[in-house]
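Student: File name upload-v5.cif; file contents mmCIF, N, CA and C atoms; full text below.
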```
data_input
loop_
_atom_site.label_atom_id
_atom_site.label_comp_id
_atom_site.auth_asym_id
_atom_site.auth_seq_id
_atom_site.Cartn_x
_atom_site.Cartn_y
_atom_site.Cartn_z
N SER A 27 -19.89 18.73 31.34
CA SER A 27 -19.04 19.82 30.91
C SER A 27 -18.36 19.44 29.60
N CYS A 28 -17.93 20.44 28.87
CA CYS A 28 -17.27 20.25 27.58
C CYS A 28 -15.97 21.05 27.60
N LYS A 29 -14.89 20.41 27.27
CA LYS A 29 -13.60 21.10 27.23
C LYS A 29 -13.28 21.45 25.79
N LEU A 30 -12.85 22.66 25.58
CA LEU A 30 -12.54 23.14 24.24
C LEU A 30 -11.09 23.60 24.18
N TRP A 31 -10.52 23.55 23.00
CA TRP A 31 -9.18 24.08 22.77
C TRP A 31 -9.25 24.95 21.55
N ARG A 32 -8.78 26.15 21.69
CA ARG A 32 -8.75 27.08 20.57
C ARG A 32 -7.31 27.34 20.22
N GLY A 33 -6.98 27.34 18.97
CA GLY A 33 -5.62 27.61 18.55
C GLY A 33 -5.56 27.80 17.06
N GLU A 34 -4.41 28.21 16.61
CA GLU A 34 -4.20 28.40 15.19
C GLU A 34 -4.26 27.05 14.49
N GLU A 35 -4.89 27.02 13.32
CA GLU A 35 -5.00 25.76 12.59
C GLU A 35 -3.61 25.31 12.15
N PHE A 36 -3.35 24.04 12.33
CA PHE A 36 -2.06 23.47 11.96
C PHE A 36 -2.30 22.46 10.84
N ALA A 37 -1.72 22.71 9.70
CA ALA A 37 -1.84 21.78 8.57
C ALA A 37 -0.45 21.26 8.22
N PRO A 38 -0.09 20.07 8.74
CA PRO A 38 1.25 19.55 8.47
C PRO A 38 1.42 19.18 7.00
N ARG A 39 2.63 19.30 6.51
CA ARG A 39 2.93 18.87 5.15
C ARG A 39 2.87 17.34 5.12
N PRO A 40 2.40 16.75 4.01
CA PRO A 40 2.29 15.29 3.94
C PRO A 40 3.59 14.57 4.26
N GLU A 41 4.74 15.11 3.83
CA GLU A 41 6.00 14.42 4.05
C GLU A 41 6.42 14.40 5.51
N SER A 42 5.66 15.11 6.37
CA SER A 42 5.96 15.04 7.80
C SER A 42 5.37 13.77 8.43
N PHE A 43 4.59 13.01 7.67
CA PHE A 43 4.04 11.74 8.15
C PHE A 43 5.02 10.62 7.84
N ILE A 44 4.94 9.55 8.61
CA ILE A 44 5.77 8.37 8.37
C ILE A 44 4.90 7.13 8.33
N GLU A 45 5.38 6.15 7.61
CA GLU A 45 4.71 4.86 7.55
C GLU A 45 5.38 3.96 8.58
N ILE A 46 4.59 3.14 9.27
CA ILE A 46 5.14 2.24 10.28
C ILE A 46 4.92 0.80 9.81
N LYS A 47 5.99 0.02 9.82
CA LYS A 47 5.95 -1.37 9.35
C LYS A 47 6.52 -2.29 10.42
N LYS A 48 6.14 -3.56 10.33
CA LYS A 48 6.69 -4.59 11.22
C LYS A 48 7.08 -5.77 10.35
N THR A 49 8.28 -6.30 10.58
CA THR A 49 8.75 -7.46 9.82
C THR A 49 9.74 -8.26 10.66
N THR A 50 10.03 -9.46 10.21
CA THR A 50 10.98 -10.30 10.94
C THR A 50 12.42 -9.91 10.65
N HIS A 51 12.70 -9.42 9.43
CA HIS A 51 14.07 -9.06 9.07
C HIS A 51 14.07 -8.26 7.76
N LEU A 52 15.22 -7.69 7.45
CA LEU A 52 15.42 -7.01 6.17
C LEU A 52 16.72 -7.51 5.53
N HIS A 53 17.01 -8.81 5.66
CA HIS A 53 18.25 -9.39 5.15
C HIS A 53 18.05 -9.98 3.77
N GLY A 54 19.10 -9.95 2.95
CA GLY A 54 19.12 -10.63 1.65
C GLY A 54 18.10 -10.10 0.67
N ARG A 55 17.83 -10.91 -0.34
CA ARG A 55 16.88 -10.52 -1.40
C ARG A 55 15.46 -10.29 -0.86
N PRO A 56 14.98 -11.15 0.06
CA PRO A 56 13.65 -10.87 0.61
C PRO A 56 13.59 -9.51 1.31
N GLY A 57 14.65 -9.16 2.01
CA GLY A 57 14.70 -7.87 2.70
C GLY A 57 14.71 -6.71 1.72
N GLU A 58 15.43 -6.87 0.60
CA GLU A 58 15.46 -5.83 -0.43
C GLU A 58 14.08 -5.64 -1.04
N PHE A 59 13.37 -6.76 -1.26
CA PHE A 59 12.01 -6.66 -1.82
C PHE A 59 11.08 -5.97 -0.83
N LYS A 60 11.22 -6.26 0.45
CA LYS A 60 10.39 -5.59 1.46
C LYS A 60 10.67 -4.09 1.46
N LYS A 61 11.94 -3.71 1.35
CA LYS A 61 12.28 -2.29 1.30
C LYS A 61 11.64 -1.62 0.10
N LEU A 62 11.63 -2.30 -1.05
CA LEU A 62 10.98 -1.76 -2.23
C LEU A 62 9.49 -1.54 -1.97
N LYS A 63 8.83 -2.53 -1.37
CA LYS A 63 7.40 -2.39 -1.05
C LYS A 63 7.16 -1.25 -0.07
N PHE A 64 8.00 -1.16 0.96
CA PHE A 64 7.85 -0.08 1.94
C PHE A 64 8.02 1.28 1.26
N TRP A 65 9.02 1.40 0.38
CA TRP A 65 9.27 2.65 -0.34
C TRP A 65 8.07 3.01 -1.20
N LEU A 66 7.53 2.03 -1.93
CA LEU A 66 6.42 2.30 -2.83
C LEU A 66 5.19 2.74 -2.06
N GLN A 67 4.86 2.04 -0.98
CA GLN A 67 3.69 2.41 -0.18
C GLN A 67 3.86 3.79 0.43
N ALA A 68 5.03 4.08 0.97
CA ALA A 68 5.26 5.40 1.58
C ALA A 68 5.25 6.49 0.52
N SER A 69 5.81 6.22 -0.65
CA SER A 69 5.82 7.21 -1.73
C SER A 69 4.41 7.52 -2.21
N LEU A 70 3.60 6.48 -2.38
CA LEU A 70 2.22 6.69 -2.84
C LEU A 70 1.40 7.47 -1.81
N ALA A 71 1.73 7.33 -0.54
CA ALA A 71 1.01 8.05 0.52
C ALA A 71 1.68 9.39 0.85
N ALA A 72 2.73 9.74 0.11
CA ALA A 72 3.47 11.00 0.31
C ALA A 72 4.05 11.11 1.72
N CYS A 73 4.49 9.99 2.26
CA CYS A 73 5.14 10.00 3.58
C CYS A 73 6.61 10.38 3.41
N GLY A 74 7.18 10.94 4.45
CA GLY A 74 8.58 11.34 4.41
C GLY A 74 9.54 10.21 4.71
N GLY A 75 9.07 9.12 5.27
CA GLY A 75 9.95 8.01 5.61
C GLY A 75 9.18 6.84 6.18
N VAL A 76 9.93 5.84 6.62
CA VAL A 76 9.34 4.61 7.14
C VAL A 76 10.09 4.22 8.41
N ILE A 77 9.35 3.83 9.42
CA ILE A 77 9.94 3.24 10.62
C ILE A 77 9.59 1.75 10.58
N VAL A 78 10.63 0.91 10.71
CA VAL A 78 10.44 -0.53 10.64
C VAL A 78 10.79 -1.14 11.99
N ALA A 79 9.86 -1.88 12.56
CA ALA A 79 10.08 -2.61 13.81
C ALA A 79 10.41 -4.05 13.43
N MET A 80 11.57 -4.53 13.87
CA MET A 80 11.99 -5.89 13.58
C MET A 80 11.64 -6.81 14.75
N THR A 81 11.06 -7.96 14.41
CA THR A 81 10.67 -8.95 15.41
C THR A 81 11.41 -10.24 15.14
N GLU A 82 12.74 -10.18 15.11
CA GLU A 82 13.56 -11.32 14.72
C GLU A 82 13.41 -12.52 15.65
N SER A 83 13.38 -12.30 16.95
CA SER A 83 13.36 -13.43 17.88
C SER A 83 11.96 -13.88 18.26
N SER A 84 11.00 -12.97 18.25
CA SER A 84 9.64 -13.32 18.65
C SER A 84 8.65 -12.42 17.91
N PRO A 85 7.56 -12.98 17.39
CA PRO A 85 6.59 -12.16 16.67
C PRO A 85 5.86 -11.17 17.57
N ASP A 86 5.96 -11.38 18.89
CA ASP A 86 5.25 -10.52 19.83
C ASP A 86 6.10 -9.42 20.45
N SER A 87 7.42 -9.43 20.18
CA SER A 87 8.25 -8.38 20.77
C SER A 87 9.22 -7.82 19.74
N VAL A 88 9.39 -6.53 19.78
CA VAL A 88 10.26 -5.84 18.84
C VAL A 88 11.69 -5.90 19.36
N SER A 89 12.61 -6.33 18.50
CA SER A 89 14.01 -6.42 18.90
C SER A 89 14.81 -5.20 18.43
N THR A 90 14.45 -4.62 17.29
CA THR A 90 15.16 -3.48 16.73
C THR A 90 14.17 -2.57 16.02
N VAL A 91 14.47 -1.28 16.01
CA VAL A 91 13.68 -0.31 15.25
C VAL A 91 14.63 0.47 14.36
N GLN A 92 14.29 0.58 13.08
CA GLN A 92 15.09 1.34 12.14
C GLN A 92 14.22 2.37 11.45
N ARG A 93 14.79 3.57 11.23
CA ARG A 93 14.09 4.60 10.49
C ARG A 93 14.79 4.77 9.14
N PHE A 94 13.99 4.81 8.07
CA PHE A 94 14.51 4.97 6.72
C PHE A 94 13.88 6.19 6.07
N GLY A 95 14.70 6.99 5.40
CA GLY A 95 14.18 8.01 4.50
C GLY A 95 13.85 7.33 3.18
N LEU A 96 13.07 7.98 2.34
CA LEU A 96 12.71 7.37 1.06
C LEU A 96 13.94 7.12 0.19
N ARG A 97 14.91 8.03 0.23
CA ARG A 97 16.13 7.84 -0.56
C ARG A 97 16.91 6.61 -0.07
N ASP A 98 16.94 6.40 1.24
CA ASP A 98 17.63 5.22 1.79
C ASP A 98 16.99 3.94 1.28
N LEU A 99 15.67 3.89 1.27
CA LEU A 99 14.97 2.69 0.81
C LEU A 99 15.16 2.47 -0.68
N ALA A 100 15.24 3.55 -1.46
CA ALA A 100 15.35 3.44 -2.92
C ALA A 100 16.78 3.19 -3.40
N ALA A 101 17.73 3.12 -2.49
CA ALA A 101 19.14 2.97 -2.89
C ALA A 101 19.41 1.65 -3.61
N GLY A 102 18.60 0.61 -3.36
CA GLY A 102 18.87 -0.71 -3.93
C GLY A 102 18.17 -1.01 -5.24
N PHE A 103 17.47 -0.05 -5.84
CA PHE A 103 16.76 -0.32 -7.09
C PHE A 103 16.60 0.96 -7.89
N ASP A 104 16.14 0.81 -9.13
CA ASP A 104 15.94 1.93 -10.05
C ASP A 104 14.49 2.42 -9.88
N ASP A 105 14.31 3.50 -9.14
CA ASP A 105 12.95 3.97 -8.86
C ASP A 105 12.21 4.42 -10.11
N LYS A 106 12.91 4.94 -11.11
CA LYS A 106 12.25 5.34 -12.36
C LYS A 106 11.65 4.13 -13.07
N ARG A 107 12.36 3.02 -13.02
CA ARG A 107 11.86 1.78 -13.62
C ARG A 107 10.62 1.28 -12.87
N VAL A 108 10.64 1.40 -11.55
CA VAL A 108 9.49 0.98 -10.74
C VAL A 108 8.27 1.81 -11.10
N TRP A 109 8.44 3.15 -11.20
CA TRP A 109 7.31 4.02 -11.56
C TRP A 109 6.80 3.69 -12.95
N ALA A 110 7.69 3.39 -13.91
CA ALA A 110 7.26 3.04 -15.27
C ALA A 110 6.46 1.75 -15.27
N THR A 111 6.93 0.76 -14.49
CA THR A 111 6.20 -0.51 -14.39
C THR A 111 4.84 -0.30 -13.76
N LEU A 112 4.79 0.52 -12.70
CA LEU A 112 3.52 0.81 -12.05
C LEU A 112 2.56 1.51 -13.00
N ALA A 113 3.06 2.47 -13.78
CA ALA A 113 2.22 3.17 -14.76
C ALA A 113 1.65 2.19 -15.78
N SER A 114 2.47 1.24 -16.21
CA SER A 114 2.01 0.22 -17.15
C SER A 114 0.91 -0.64 -16.53
N MET A 115 1.12 -1.03 -15.27
CA MET A 115 0.13 -1.85 -14.57
C MET A 115 -1.18 -1.08 -14.39
N LEU A 116 -1.09 0.19 -14.05
CA LEU A 116 -2.30 1.00 -13.89
C LEU A 116 -3.02 1.16 -15.22
N GLY A 117 -2.26 1.26 -16.31
CA GLY A 117 -2.87 1.31 -17.64
C GLY A 117 -3.67 0.06 -17.93
N LEU A 118 -3.10 -1.10 -17.59
CA LEU A 118 -3.80 -2.38 -17.75
C LEU A 118 -5.07 -2.40 -16.90
N LEU A 119 -4.94 -1.96 -15.66
CA LEU A 119 -6.08 -1.94 -14.75
C LEU A 119 -7.21 -1.07 -15.30
N LEU A 120 -6.87 0.13 -15.78
CA LEU A 120 -7.89 1.02 -16.34
C LEU A 120 -8.51 0.44 -17.60
N ALA A 121 -7.70 -0.15 -18.47
CA ALA A 121 -8.22 -0.74 -19.71
C ALA A 121 -9.16 -1.90 -19.42
N GLU A 122 -8.77 -2.77 -18.48
CA GLU A 122 -9.59 -3.93 -18.15
C GLU A 122 -10.91 -3.54 -17.49
N THR A 123 -10.87 -2.60 -16.58
CA THR A 123 -12.08 -2.25 -15.83
C THR A 123 -13.00 -1.30 -16.58
N ALA A 124 -12.53 -0.69 -17.65
CA ALA A 124 -13.37 0.22 -18.43
C ALA A 124 -14.01 -0.45 -19.62
N ALA A 125 -13.63 -1.68 -19.91
CA ALA A 125 -14.10 -2.37 -21.11
C ALA A 125 -15.47 -3.00 -20.90
N GLY A 126 -16.27 -2.95 -21.94
CA GLY A 126 -17.53 -3.67 -21.95
C GLY A 126 -18.67 -2.96 -21.24
N GLU A 127 -19.83 -3.59 -21.34
CA GLU A 127 -21.05 -3.03 -20.77
C GLU A 127 -21.06 -3.09 -19.25
N ARG A 128 -20.42 -4.09 -18.69
CA ARG A 128 -20.51 -4.31 -17.25
C ARG A 128 -19.25 -3.83 -16.52
N ALA A 129 -18.77 -2.64 -16.85
CA ALA A 129 -17.55 -2.14 -16.23
C ALA A 129 -17.79 -1.72 -14.78
N ASP A 130 -18.98 -1.23 -14.48
CA ASP A 130 -19.27 -0.79 -13.11
C ASP A 130 -19.35 -1.99 -12.18
N GLY A 131 -19.03 -1.76 -10.93
CA GLY A 131 -19.15 -2.81 -9.94
C GLY A 131 -17.81 -3.26 -9.39
N ALA A 132 -17.84 -4.39 -8.73
CA ALA A 132 -16.66 -4.89 -8.02
C ALA A 132 -15.68 -5.58 -8.96
N TRP A 133 -14.41 -5.42 -8.65
CA TRP A 133 -13.32 -6.07 -9.37
C TRP A 133 -12.32 -6.58 -8.33
N THR A 134 -11.61 -7.63 -8.67
CA THR A 134 -10.55 -8.13 -7.80
C THR A 134 -9.22 -7.92 -8.50
N LEU A 135 -8.31 -7.26 -7.82
CA LEU A 135 -6.97 -7.01 -8.33
C LEU A 135 -6.00 -7.87 -7.53
N ARG A 136 -5.19 -8.65 -8.23
CA ARG A 136 -4.19 -9.48 -7.55
C ARG A 136 -2.80 -9.10 -8.06
N VAL A 137 -1.92 -8.85 -7.12
CA VAL A 137 -0.52 -8.59 -7.43
C VAL A 137 0.26 -9.73 -6.79
N THR A 138 0.98 -10.48 -7.62
CA THR A 138 1.71 -11.64 -7.10
C THR A 138 3.16 -11.61 -7.60
N LYS A 139 4.01 -12.25 -6.83
CA LYS A 139 5.41 -12.40 -7.23
C LYS A 139 5.90 -13.71 -6.64
N ALA A 140 6.37 -14.58 -7.49
CA ALA A 140 6.97 -15.83 -7.03
C ALA A 140 8.36 -15.52 -6.48
N ARG A 141 8.91 -16.45 -5.75
CA ARG A 141 10.25 -16.26 -5.17
C ARG A 141 11.30 -16.14 -6.27
N GLY A 142 12.41 -15.55 -5.90
CA GLY A 142 13.53 -15.46 -6.82
C GLY A 142 13.40 -14.30 -7.77
N ASP A 143 13.83 -14.51 -9.01
CA ASP A 143 13.85 -13.44 -10.01
C ASP A 143 12.56 -13.33 -10.81
N ALA A 144 11.51 -14.00 -10.37
CA ALA A 144 10.24 -13.96 -11.11
C ALA A 144 9.70 -12.53 -11.14
N PRO A 145 9.06 -12.17 -12.25
CA PRO A 145 8.50 -10.82 -12.34
C PRO A 145 7.24 -10.68 -11.48
N VAL A 146 6.91 -9.45 -11.16
CA VAL A 146 5.65 -9.16 -10.48
C VAL A 146 4.54 -9.29 -11.51
N GLU A 147 3.46 -9.97 -11.15
CA GLU A 147 2.35 -10.16 -12.08
C GLU A 147 1.10 -9.51 -11.54
N LEU A 148 0.31 -8.97 -12.46
CA LEU A 148 -0.93 -8.28 -12.12
C LEU A 148 -2.06 -8.96 -12.85
N SER A 149 -3.14 -9.25 -12.14
CA SER A 149 -4.33 -9.79 -12.80
C SER A 149 -5.56 -9.07 -12.28
N VAL A 150 -6.51 -8.87 -13.17
CA VAL A 150 -7.76 -8.16 -12.84
C VAL A 150 -8.90 -9.07 -13.23
N GLN A 151 -9.83 -9.25 -12.30
CA GLN A 151 -10.94 -10.15 -12.55
C GLN A 151 -12.24 -9.49 -12.11
N ARG A 152 -13.28 -9.65 -12.89
CA ARG A 152 -14.59 -9.08 -12.58
C ARG A 152 -15.15 -9.77 -11.35
N GLY A 153 -15.64 -8.97 -10.40
CA GLY A 153 -16.32 -9.51 -9.23
C GLY A 153 -15.41 -9.67 -8.04
N ALA A 154 -16.05 -9.71 -6.90
CA ALA A 154 -15.37 -9.96 -5.63
C ALA A 154 -16.46 -10.40 -4.67
N GLU A 155 -16.33 -11.60 -4.14
CA GLU A 155 -17.40 -12.17 -3.33
C GLU A 155 -17.85 -11.26 -2.20
N ASP A 156 -16.91 -10.78 -1.41
CA ASP A 156 -17.30 -9.96 -0.27
C ASP A 156 -17.88 -8.62 -0.71
N VAL A 157 -17.31 -8.03 -1.75
CA VAL A 157 -17.81 -6.74 -2.24
C VAL A 157 -19.17 -6.92 -2.89
N ASP A 158 -19.35 -8.02 -3.66
CA ASP A 158 -20.64 -8.27 -4.28
C ASP A 158 -21.73 -8.45 -3.22
N GLU A 159 -21.39 -9.14 -2.13
CA GLU A 159 -22.35 -9.35 -1.05
C GLU A 159 -22.74 -8.01 -0.41
N ILE A 160 -21.77 -7.16 -0.17
CA ILE A 160 -22.04 -5.84 0.40
C ILE A 160 -22.89 -5.02 -0.56
N GLY A 161 -22.55 -5.09 -1.87
CA GLY A 161 -23.32 -4.36 -2.88
C GLY A 161 -24.76 -4.82 -2.92
N ALA A 162 -25.00 -6.12 -2.81
CA ALA A 162 -26.37 -6.65 -2.82
C ALA A 162 -27.15 -6.16 -1.61
N ARG A 163 -26.50 -6.12 -0.45
CA ARG A 163 -27.16 -5.61 0.75
C ARG A 163 -27.50 -4.14 0.60
N LEU A 164 -26.57 -3.39 0.03
CA LEU A 164 -26.80 -1.96 -0.19
C LEU A 164 -27.98 -1.75 -1.13
N ASP A 165 -28.02 -2.53 -2.23
CA ASP A 165 -29.13 -2.43 -3.18
C ASP A 165 -30.46 -2.69 -2.49
N THR A 166 -30.49 -3.71 -1.60
CA THR A 166 -31.71 -4.06 -0.86
C THR A 166 -32.13 -2.90 0.05
N LEU A 167 -31.16 -2.33 0.75
CA LEU A 167 -31.46 -1.19 1.64
C LEU A 167 -31.97 0.02 0.86
N LEU A 168 -31.32 0.32 -0.25
CA LEU A 168 -31.72 1.47 -1.05
C LEU A 168 -33.09 1.25 -1.70
N ALA A 169 -33.38 0.02 -2.11
CA ALA A 169 -34.69 -0.28 -2.70
C ALA A 169 -35.80 -0.09 -1.68
N GLY A 170 -35.53 -0.37 -0.42
CA GLY A 170 -36.52 -0.20 0.65
C GLY A 170 -36.85 1.26 0.91
N ARG A 171 -35.94 2.16 0.59
CA ARG A 171 -36.16 3.60 0.80
C ARG A 171 -36.96 4.24 -0.31
N ALA A 172 -36.97 3.61 -1.48
CA ALA A 172 -37.63 4.21 -2.65
C ALA A 172 -39.13 4.17 -2.57
#
```
Translate the structure of the given file into structure tokens.

Tutor:
Amino acid sequence: SCKLWRGEEFAPRPESFIEIKKTTHLHGRPGEFKKLKFWLQASLAACGGVIVAMTESSPDSVSTVQRFGLRDLAAGFDDKRVWATLASMLGLLLAETAAGERADGAWTLRVTKARGDAPVELSVQRGAEDVDEIGARLDTLLAGRA
């Protein structure tokens, strides 16, 4: 037998979705950086907020749950500056990956930040071992069909 459900189509607005995160804490500078990352990821996915499960005493059990709106998360930093920095990084990414004859294919993007006041750094490198391996397998499969 097959069970069916008929009803009016429901298309939720993107901001009705939330991002779910798990972390050990949100204290001090590390906590502020985590909030920035959570805000950026939720903003890019057009989520309305973030729910954070804290595992302070044990990595296997949640001790506290907090819900944040995007404005709450952005209270500790200049969001316009973050967007400008991101736009600059994306410009670098596009310039690096579009240059030269061999622009197509796999690339590795690394975003790093040392502890303390160090800036966030972005590097782009041609190739990616796992992606190149998958690409080679795909090429082999496609060649067999021709």

Student: Rounded to one decimal, what separation in Å do you get between atom C of A:Ala124 and atom N of A:Val137?

Tutor: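 Interatomic distance here is 19.3 Å.
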
Student: List as number ranges by chain the protein and nucleic acid residues near A:Leu148, meaning an atom at most 8 Å away when only C-alpha atoms are counted, but skip any in the same chain fewer than 5 places from it.

Tutor: A: 115, 135-138

Student: Can you work out the spacing between atom CA of A:Val108 and atom CA of A:Leu66 in Å, to one decimal?

Tutor: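 Taking atom CA of A:Val108 and atom CA of A:Leu66, their separation equals 8.6 Å.
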
Student: A:Gly75, A:Gly142, A:Gly117, A:Gly95: which is nearest A:Ser42, counting only N, CA and C atoms?

Tutor: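 Checking each of A:Gly75, A:Gly142, A:Gly117, A:Gly95 against A:Ser42, counting only N, CA and C atoms, the winner is A:Gly75.
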
Student: To one decimal place in Å, what is the distance between atom N of A:Thr50 and atom C of A:Glu82?

Tutor: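 Separation of atom N of A:Thr50 and atom C of A:Glu82: 7.1 Å.
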
Student: Hey, what comes out of the PyMOL selection byres ((chain A and resi 43-48) around 5) on this file? Could you write it as a list of chain:residue names?

Tutor: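 Output from the PyMOL selection byres ((chain A and resi 43-48) around 5), applied to this file: A:Pro40, A:Glu41, A:Ser42, A:Thr49, A:Thr50, A:Cys73, A:Gly74, A:Gly75, A:Val76, A:Ile77, A:Val78, A:Ala79.
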
Student: Pick out each residue of stretch 32-129 of chain A that DSSP on the backbone tags as alpha helix (DSSP H); I need them as a short mmCIF file (atom, residue, chain, number, x, y, z; two decimals) with N, CA and C atoms, keeping the file's coordinate frame.

Tutor:
```cif
data_model
loop_
_atom_site.label_atom_id
_atom_site.label_comp_id
_atom_site.auth_asym_id
_atom_site.auth_seq_id
_atom_site.Cartn_x
_atom_site.Cartn_y
_atom_site.Cartn_z
N GLY A 54 19.10 -9.95 2.95
CA GLY A 54 19.12 -10.63 1.65
C GLY A 54 18.10 -10.10 0.67
N ARG A 55 17.83 -10.91 -0.34
CA ARG A 55 16.88 -10.52 -1.40
C ARG A 55 15.46 -10.29 -0.86
N PRO A 56 14.98 -11.15 0.06
CA PRO A 56 13.65 -10.87 0.61
C PRO A 56 13.59 -9.51 1.31
N GLY A 57 14.65 -9.16 2.01
CA GLY A 57 14.70 -7.87 2.70
C GLY A 57 14.71 -6.71 1.72
N GLU A 58 15.43 -6.87 0.60
CA GLU A 58 15.46 -5.83 -0.43
C GLU A 58 14.08 -5.64 -1.04
N PHE A 59 13.37 -6.76 -1.26
CA PHE A 59 12.01 -6.66 -1.82
C PHE A 59 11.08 -5.97 -0.83
N LYS A 60 11.22 -6.26 0.45
CA LYS A 60 10.39 -5.59 1.46
C LYS A 60 10.67 -4.09 1.46
N LYS A 61 11.94 -3.71 1.35
CA LYS A 61 12.28 -2.29 1.30
C LYS A 61 11.64 -1.62 0.10
N LEU A 62 11.63 -2.30 -1.05
CA LEU A 62 10.98 -1.76 -2.23
C LEU A 62 9.49 -1.54 -1.97
N LYS A 63 8.83 -2.53 -1.37
CA LYS A 63 7.40 -2.39 -1.05
C LYS A 63 7.16 -1.25 -0.07
N PHE A 64 8.00 -1.16 0.96
CA PHE A 64 7.85 -0.08 1.94
C PHE A 64 8.02 1.28 1.26
N TRP A 65 9.02 1.40 0.38
CA TRP A 65 9.27 2.65 -0.34
C TRP A 65 8.07 3.01 -1.20
N LEU A 66 7.53 2.03 -1.93
CA LEU A 66 6.42 2.30 -2.83
C LEU A 66 5.19 2.74 -2.06
N GLN A 67 4.86 2.04 -0.98
CA GLN A 67 3.69 2.41 -0.18
C GLN A 67 3.86 3.79 0.43
N ALA A 68 5.03 4.08 0.97
CA ALA A 68 5.26 5.40 1.58
C ALA A 68 5.25 6.49 0.52
N SER A 69 5.81 6.22 -0.65
CA SER A 69 5.82 7.21 -1.73
C SER A 69 4.41 7.52 -2.21
N LEU A 70 3.60 6.48 -2.38
CA LEU A 70 2.22 6.69 -2.84
C LEU A 70 1.40 7.47 -1.81
N LEU A 96 13.07 7.98 2.34
CA LEU A 96 12.71 7.37 1.06
C LEU A 96 13.94 7.12 0.19
N ARG A 97 14.91 8.03 0.23
CA ARG A 97 16.13 7.84 -0.56
C ARG A 97 16.91 6.61 -0.07
N ASP A 98 16.94 6.40 1.24
CA ASP A 98 17.63 5.22 1.79
C ASP A 98 16.99 3.94 1.28
N LEU A 99 15.67 3.89 1.27
CA LEU A 99 14.97 2.69 0.81
C LEU A 99 15.16 2.47 -0.68
N ALA A 100 15.24 3.55 -1.46
CA ALA A 100 15.35 3.44 -2.92
C ALA A 100 16.78 3.19 -3.40
N ASP A 105 14.31 3.50 -9.14
CA ASP A 105 12.95 3.97 -8.86
C ASP A 105 12.21 4.42 -10.11
N LYS A 106 12.91 4.94 -11.11
CA LYS A 106 12.25 5.34 -12.36
C LYS A 106 11.65 4.13 -13.07
N ARG A 107 12.36 3.02 -13.02
CA ARG A 107 11.86 1.78 -13.62
C ARG A 107 10.62 1.28 -12.87
N VAL A 108 10.64 1.40 -11.55
CA VAL A 108 9.49 0.98 -10.74
C VAL A 108 8.27 1.81 -11.10
N TRP A 109 8.44 3.15 -11.20
CA TRP A 109 7.31 4.02 -11.56
C TRP A 109 6.80 3.69 -12.95
N ALA A 110 7.69 3.39 -13.91
CA ALA A 110 7.26 3.04 -15.27
C ALA A 110 6.46 1.75 -15.27
N THR A 111 6.93 0.76 -14.49
CA THR A 111 6.20 -0.51 -14.39
C THR A 111 4.84 -0.30 -13.76
N LEU A 112 4.79 0.52 -12.70
CA LEU A 112 3.52 0.81 -12.05
C LEU A 112 2.56 1.51 -13.00
N ALA A 113 3.06 2.47 -13.78
CA ALA A 113 2.22 3.17 -14.76
C ALA A 113 1.65 2.19 -15.78
N SER A 114 2.47 1.24 -16.21
CA SER A 114 2.01 0.22 -17.15
C SER A 114 0.91 -0.64 -16.53
N MET A 115 1.12 -1.03 -15.27
CA MET A 115 0.13 -1.85 -14.57
C MET A 115 -1.18 -1.08 -14.39
N LEU A 116 -1.09 0.19 -14.05
CA LEU A 116 -2.30 1.00 -13.89
C LEU A 116 -3.02 1.16 -15.22
N GLY A 117 -2.26 1.26 -16.31
CA GLY A 117 -2.87 1.31 -17.64
C GLY A 117 -3.67 0.06 -17.93
N LEU A 118 -3.10 -1.10 -17.59
CA LEU A 118 -3.80 -2.38 -17.75
C LEU A 118 -5.07 -2.40 -16.90
N LEU A 119 -4.94 -1.96 -15.66
CA LEU A 119 -6.08 -1.94 -14.75
C LEU A 119 -7.21 -1.07 -15.30
N LEU A 120 -6.87 0.13 -15.78
CA LEU A 120 -7.89 1.02 -16.34
C LEU A 120 -8.51 0.44 -17.60
N ALA A 121 -7.70 -0.15 -18.47
CA ALA A 121 -8.22 -0.74 -19.71
C ALA A 121 -9.16 -1.90 -19.42
N GLU A 122 -8.77 -2.77 -18.48
CA GLU A 122 -9.59 -3.93 -18.15
C GLU A 122 -10.91 -3.54 -17.49
N THR A 123 -10.87 -2.60 -16.58
CA THR A 123 -12.08 -2.25 -15.83
C THR A 123 -13.00 -1.30 -16.58
N ALA A 124 -12.53 -0.69 -17.65
CA ALA A 124 -13.37 0.22 -18.43
C ALA A 124 -14.01 -0.45 -19.62
#
```

Student: Name the residues that the PyMOL selection byres (((chain A and resi 123 and name CA) around 12) and name CA) picks from the file above, as a list in words, using the file's chain letters and numbers.

Tutor: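 Listing what the PyMOL selection byres (((chain A and resi 123 and name CA) around 12) and name CA) selects in the shown file: Leu116, Gly117, Leu118, Leu119, Leu120, Ala121, Glu122, Ala124, Ala125, Gly126, Glu127, Arg128, Ala129, Asp130, Gly131, Ala132, Trp133, Thr134, Leu135, Ser149, Val150, Gln151, Arg152 and Gly153 of chain A.
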
Student: Could you tell me which residues the PyMOL selection byres (((chain A and resi 64 and name CA) around 9) and name CA) grabs in this file, written as JSON, numbers by chain?

Tutor: {"A": [45, 47, 59, 60, 61, 62, 63, 65, 66, 67, 68, 69, 76, 96, 99]}
